[in-house]
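All remarks here apply to the structure that follows.
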Amino acid sequence: MGKFLRVLVVLLFLASVAALVMAHILFNRREVLVARVETMHRGLAQLARTLETESPESPTVAPSYPERDISPITAEAVPSPRRAQFWRNYQVELEEVDRPLMDLSARRQDLMTLYRIDAQGIRITDGPGTMHGVIENLVTRAVEQYGTLTATRQQLQLLRQELVSVINDYNELRNDLRAEKAIVVRVSAERDEHRRAAEQTRRELAQANERGRELELRIADMEQDMLVLREEKDTLRVRNEEQIELITSLRQQITDLERIGVRDLVDEGTIPTGVARIDVEVGDKGSIVSADHNYMFVVVQLDDTFMEELIGASEDGRLPVVELYVERVENGQRTFITKIRLIQIKRDQNLAIGDIQLDWHQKDVRPGDRVVYQ
């Protein structure tokens with residue numbers, strides 16, 4: 001009996017040691033399990049704060065957004081252009097922000113309850129009031145949140161495609177606008193050039209009007225001068241008639257003298273004009289000594305060379321027909337005065353008498369005016 005008791009005591013001691021060891025091992029595992037459960041509880045609570053309490057619902061009245069014009073760009077106005085139907089299937093509810101999130105602080109007890117006992121004493125591990133119910137609710141909301149995220153991603157793809165299309169249209173429009181701007185710049189430059197030309201034309205028109213007014217004044221003065229010239233013409237006509245009578249008388253005298261004999265006149269140094277013509281060298285041939293505008297004749301001092309040409313060209317004691325121009329030199333400029341025809345020369349003094357041709361008469365002859373053959 002004593003031996004049995006010693007064996008029993010040893011067995012109890014060994015069992016106690018084993019129980020102590022097992023208790024120590026189970027205590028460590030319990031701490032790990034408790035810490036794991038608490039960590040899971042905190043993780044589930046934090047995870048719940050990332051999930052919305054419910055999925056977004058479509059609005060009862062869909063908002064209206066402007067649709068993109070997809071009609072071709074033309075120069076003509078389009079009263080009713082074609083529009084893209086992008087917003088028809090757009091899920092506007094996905095834009096909602098700051099939606100309420102899940103909060104497990106009120107269900108902390110449920111999260112710590114593995115099972116609940118019903119009225120019949122049966123343990124129920126799922127449904128409301130249990131950890132499984134909380135986790136099942138989180139999983140359901142996570143699945144719904146994932147569906148919302150997937151729909152948002154799909155919506156982003158559609159938005160990206162629409163945005164790419166708009167960007168392409170925008171880039172094409174910018175290229176067209178650059179070309180249009182180049183045209184506008186060119187047209188603006190041409191408009192400025194036309195404006196400057198118009199301004200220049202207006203200035204020229206104003207100057208032309210001013211010159212027109214000046215010309216009108218000059219015309220009035222010229223009309224006045226014409227009246228004076230008509231009066232002078234009438235006076236000259238009377239004088240011309242008197243000169244014609246004088247010339248007729250002088251020609252009669254010359255005829256009478258020719259009957260007496262030409263040689264007598266030649267001996268006296270005076271040579272009358274005949275009917276023959278002469279071709280002499282062009283240039284200055286002398287100058288005016290005196291002029292009589294009452295009887296329209298002049299006395300000319302001839303150059304020696306020209307005098308010799310006239311004497312050499314005379315036939316039967318008569319001079320050839322010679323017509324000379326009278327010019328006046330002022331400030332280096334030659335001005336035509338009139339035209340004369342030589343009728344008689346004085347050989348020993350290089351003098352000649354010439355008739356002023358009324359058809360060519362422009363101004364009164366002055367002493368010193370040059371006599372030119374052309």
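All residue names refer to the structure tokens as shown: chains lettered A, B, ... in order, residues numbered from 1 in each chain, ligands numbered from 1 in order.
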(message) What's around Gln155 of chain A at 9 Å? Count only C-alpha atoms, leave out sequence neighbours fewer than 6 positions away in its own chain, and write the answer as a list in words.
(response) Tyr90, Gln91 and Leu94 of chain A
(message) With only C-alpha atoms as the counted atoms, please give the residues lying no more than 8 Å from segment 134-142 of chain A, apart from itself and same-chain residues fewer than 2 positions off, as a list in words.
(response) Leu44, Ala48, Leu51, Glu52, Thr53, Glu54, Arg107, Asp110, Leu111, Pro128, Gly129, Thr130, Met131, His132, Glu144, Gln145 and Tyr146 of chain A
Expected file: the selected residues, C-alpha atoms, as a PDB file, in the first residue's frame:
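Okay, this is what ended up in again.pdb:
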```pdb
ATOM      1  CA  LEU A  44     -11.653  45.548 -39.073  1.00  0.00           C
ATOM      2  CA  ALA A  48     -14.689  49.803 -41.973  1.00  0.00           C
ATOM      3  CA  LEU A  51     -16.047  51.707 -46.675  1.00  0.00           C
ATOM      4  CA  GLU A  52     -19.152  53.756 -47.321  1.00  0.00           C
ATOM      5  CA  THR A  53     -22.251  52.858 -45.391  1.00  0.00           C
ATOM      6  CA  GLU A  54     -24.178  52.285 -48.658  1.00  0.00           C
ATOM      7  CA  ARG A 107     -20.845  47.235 -32.816  1.00  0.00           C
ATOM      8  CA  ASP A 110     -20.867  42.208 -31.639  1.00  0.00           C
ATOM      9  CA  LEU A 111     -17.374  42.068 -33.056  1.00  0.00           C
ATOM     10  CA  PRO A 128     -26.732  39.984 -36.220  1.00  0.00           C
ATOM     11  CA  GLY A 129     -25.061  40.252 -32.835  1.00  0.00           C
ATOM     12  CA  THR A 130     -22.104  38.047 -33.796  1.00  0.00           C
ATOM     13  CA  MET A 131     -18.614  38.586 -35.130  1.00  0.00           C
ATOM     14  CA  HIS A 132     -19.570  36.688 -38.270  1.00  0.00           C
ATOM     15  CA  GLU A 144     -20.331  46.815 -53.263  1.00  0.00           C
ATOM     16  CA  GLN A 145     -17.474  49.325 -52.841  1.00  0.00           C
ATOM     17  CA  TYR A 146     -15.413  47.306 -55.325  1.00  0.00           C
TER      18      TYR A 146
END
```
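Interatomic distance, atom CA of Glu76 of chain A against atom CA of Asp176 of chain A: 16.1 Å.
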(message) My list of candidates is A:Leu20, A:Val326, A:Val32, A:Val92. Which is closest to Gln374 of chain A when distances are computed with only C-alpha atoms?
(response)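 Ranking A:Leu20, A:Val326, A:Val32, A:Val92 by distance to Gln374 of chain A, first place goes to A:Val326.
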(message) Would you pick out the contacts of Tyr65 of chain A at 12 Å or less, using only C-alpha atoms, so that residues sharing its chain but fewer than 3 positions from it are not included, and give the list as a ChimeraX atom specification?
(response) /A:62,68,83-88,90,92
Would you export the selected residues with N, CA and C atoms as a PDB file, in the first residue's frame, please?
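As written to disk, out_24.pdb reads:
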```pdb
ATOM      1  N   ALA A  62     -31.945  63.581 -63.472  1.00  0.00           N
ATOM      2  CA  ALA A  62     -30.589  63.601 -64.011  1.00  0.00           C
ATOM      3  C   ALA A  62     -30.195  65.036 -64.374  1.00  0.00           C
ATOM      4  N   ARG A  68     -21.133  68.036 -76.624  1.00  0.00           N
ATOM      5  CA  ARG A  68     -20.111  68.531 -77.544  1.00  0.00           C
ATOM      6  C   ARG A  68     -20.640  68.575 -78.977  1.00  0.00           C
ATOM      7  N   ARG A  83     -24.974  66.836 -81.915  1.00  0.00           N
ATOM      8  CA  ARG A  83     -24.359  66.817 -80.595  1.00  0.00           C
ATOM      9  C   ARG A  83     -23.992  65.394 -80.200  1.00  0.00           C
ATOM     10  N   ALA A  84     -22.877  65.240 -79.498  1.00  0.00           N
ATOM     11  CA  ALA A  84     -22.496  63.934 -78.967  1.00  0.00           C
ATOM     12  C   ALA A  84     -23.409  63.583 -77.792  1.00  0.00           C
ATOM     13  N   GLN A  85     -23.718  62.301 -77.649  1.00  0.00           N
ATOM     14  CA  GLN A  85     -24.600  61.823 -76.577  1.00  0.00           C
ATOM     15  C   GLN A  85     -23.776  61.211 -75.448  1.00  0.00           C
ATOM     16  N   PHE A  86     -22.742  61.936 -75.020  1.00  0.00           N
ATOM     17  CA  PHE A  86     -21.847  61.375 -74.008  1.00  0.00           C
ATOM     18  C   PHE A  86     -22.508  61.292 -72.643  1.00  0.00           C
ATOM     19  N   TRP A  87     -23.278  62.310 -72.257  1.00  0.00           N
ATOM     20  CA  TRP A  87     -23.813  62.368 -70.898  1.00  0.00           C
ATOM     21  C   TRP A  87     -25.040  61.469 -70.703  1.00  0.00           C
ATOM     22  N   ARG A  88     -25.497  60.811 -71.784  1.00  0.00           N
ATOM     23  CA  ARG A  88     -26.702  59.995 -71.652  1.00  0.00           C
ATOM     24  C   ARG A  88     -26.478  58.839 -70.690  1.00  0.00           C
ATOM     25  N   TYR A  90     -23.844  58.628 -68.582  1.00  0.00           N
ATOM     26  CA  TYR A  90     -22.885  59.036 -67.551  1.00  0.00           C
ATOM     27  C   TYR A  90     -23.492  58.843 -66.167  1.00  0.00           C
ATOM     28  N   VAL A  92     -23.614  60.032 -62.876  1.00  0.00           N
ATOM     29  CA  VAL A  92     -23.241  61.214 -62.117  1.00  0.00           C
ATOM     30  C   VAL A  92     -23.118  60.920 -60.627  1.00  0.00           C
TER      31      VAL A  92
END
```
(request) as number ranges by chain, please: all residues of segment 30-237 of chain A that backbone DSSP puts in strand (DSSP E). (result) A: 116-117, 123-124
(request) Work out how far apart atom CA of His361 of chain A and atom CA of Ile337 of chain A are and give it in Å to one decimal. (result)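 Distance reported for this atom pair: 6.5 Å.
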(message) Just checking: using only C-alpha atoms, which residue out of A:Arg237, A:Glu281, A:Gly368, A:Asp359 ends up closest to Val300 of chain A?
(response) A:Gly368
(request) Enumerate the residues of segment 68-195 of chain A with a DSSP assignment of alpha helix (DSSP H), computed from the backbone, and present them as a ChimeraX atom specification. (result) /A:108-112,131-195
Now that the selection is made, can you save its residues with C-alpha atoms as a tab-separated table (two decimals), in the first residue's frame?
```tsv
chain	number	residue	atom	x	y	z
A	108	ARG	CA	-17.68	46.54	-30.87
A	109	GLN	CA	-19.54	44.09	-28.61
A	110	ASP	CA	-20.87	42.21	-31.64
A	111	LEU	CA	-17.37	42.07	-33.06
A	112	MET	CA	-16.12	40.46	-29.81
A	131	MET	CA	-18.61	38.59	-35.13
A	132	HIS	CA	-19.57	36.69	-38.27
A	133	GLY	CA	-22.46	39.08	-38.90
A	134	VAL	CA	-20.16	42.11	-38.60
A	135	ILE	CA	-17.57	40.56	-40.89
A	136	GLU	CA	-20.27	39.47	-43.37
A	137	ASN	CA	-21.60	43.04	-43.41
A	138	LEU	CA	-18.06	44.36	-44.04
A	139	VAL	CA	-17.54	41.86	-46.86
A	140	THR	CA	-20.86	42.82	-48.45
A	141	ARG	CA	-19.99	46.53	-48.30
A	142	ALA	CA	-16.47	45.78	-49.60
A	143	VAL	CA	-17.96	43.93	-52.60
A	144	GLU	CA	-20.33	46.81	-53.26
A	145	GLN	CA	-17.47	49.32	-52.84
A	146	TYR	CA	-15.41	47.31	-55.32
A	147	GLY	CA	-18.33	47.41	-57.77
A	148	THR	CA	-18.50	51.19	-57.33
A	149	LEU	CA	-14.75	51.40	-57.87
A	150	THR	CA	-15.03	49.25	-61.02
A	151	ALA	CA	-17.85	51.44	-62.35
A	152	THR	CA	-15.75	54.52	-61.58
A	153	ARG	CA	-12.81	53.05	-63.47
A	154	GLN	CA	-15.02	52.29	-66.45
A	155	GLN	CA	-16.41	55.79	-66.25
A	156	LEU	CA	-12.82	57.13	-66.19
A	157	GLN	CA	-12.04	55.16	-69.35
A	158	LEU	CA	-15.03	56.72	-71.09
A	159	LEU	CA	-13.98	60.14	-69.81
A	160	ARG	CA	-10.46	59.53	-71.08
A	161	GLN	CA	-11.75	58.58	-74.53
A	162	GLU	CA	-13.99	61.64	-74.61
A	163	LEU	CA	-11.12	63.82	-73.40
A	164	VAL	CA	-8.78	62.41	-76.07
A	165	SER	CA	-11.41	63.14	-78.72
A	166	VAL	CA	-11.84	66.70	-77.40
A	167	ILE	CA	-8.05	67.20	-77.31
A	168	ASN	CA	-7.74	66.00	-80.91
A	169	ASP	CA	-10.54	68.33	-81.97
A	170	TYR	CA	-8.87	71.12	-80.00
A	171	ASN	CA	-5.49	70.49	-81.63
A	172	GLU	CA	-7.05	70.49	-85.10
A	173	LEU	CA	-8.92	73.65	-84.21
A	174	ARG	CA	-5.67	75.30	-83.05
A	175	ASN	CA	-4.02	74.41	-86.36
A	176	ASP	CA	-6.98	75.89	-88.20
A	177	LEU	CA	-6.84	78.94	-85.95
A	178	ARG	CA	-3.12	79.38	-86.68
A	179	ALA	CA	-3.86	79.34	-90.40
A	180	GLU	CA	-6.79	81.70	-89.89
A	181	LYS	CA	-4.62	83.96	-87.75
A	182	ALA	CA	-1.99	84.09	-90.48
A	183	ILE	CA	-4.75	85.12	-92.89
A	184	VAL	CA	-6.02	87.69	-90.40
A	185	VAL	CA	-2.51	89.11	-89.95
A	186	ARG	CA	-2.03	89.30	-93.71
A	187	VAL	CA	-5.45	90.87	-94.22
A	188	SER	CA	-4.77	93.28	-91.35
A	189	ALA	CA	-1.46	94.28	-92.97
A	190	GLU	CA	-3.20	94.72	-96.32
A	191	ARG	CA	-5.95	96.73	-94.61
A	192	ASP	CA	-3.33	98.96	-92.96
A	193	GLU	CA	-1.62	99.35	-96.34
A	194	HIS	CA	-4.95	100.22	-97.95
A	195	ARG	CA	-5.68	102.61	-95.12
```
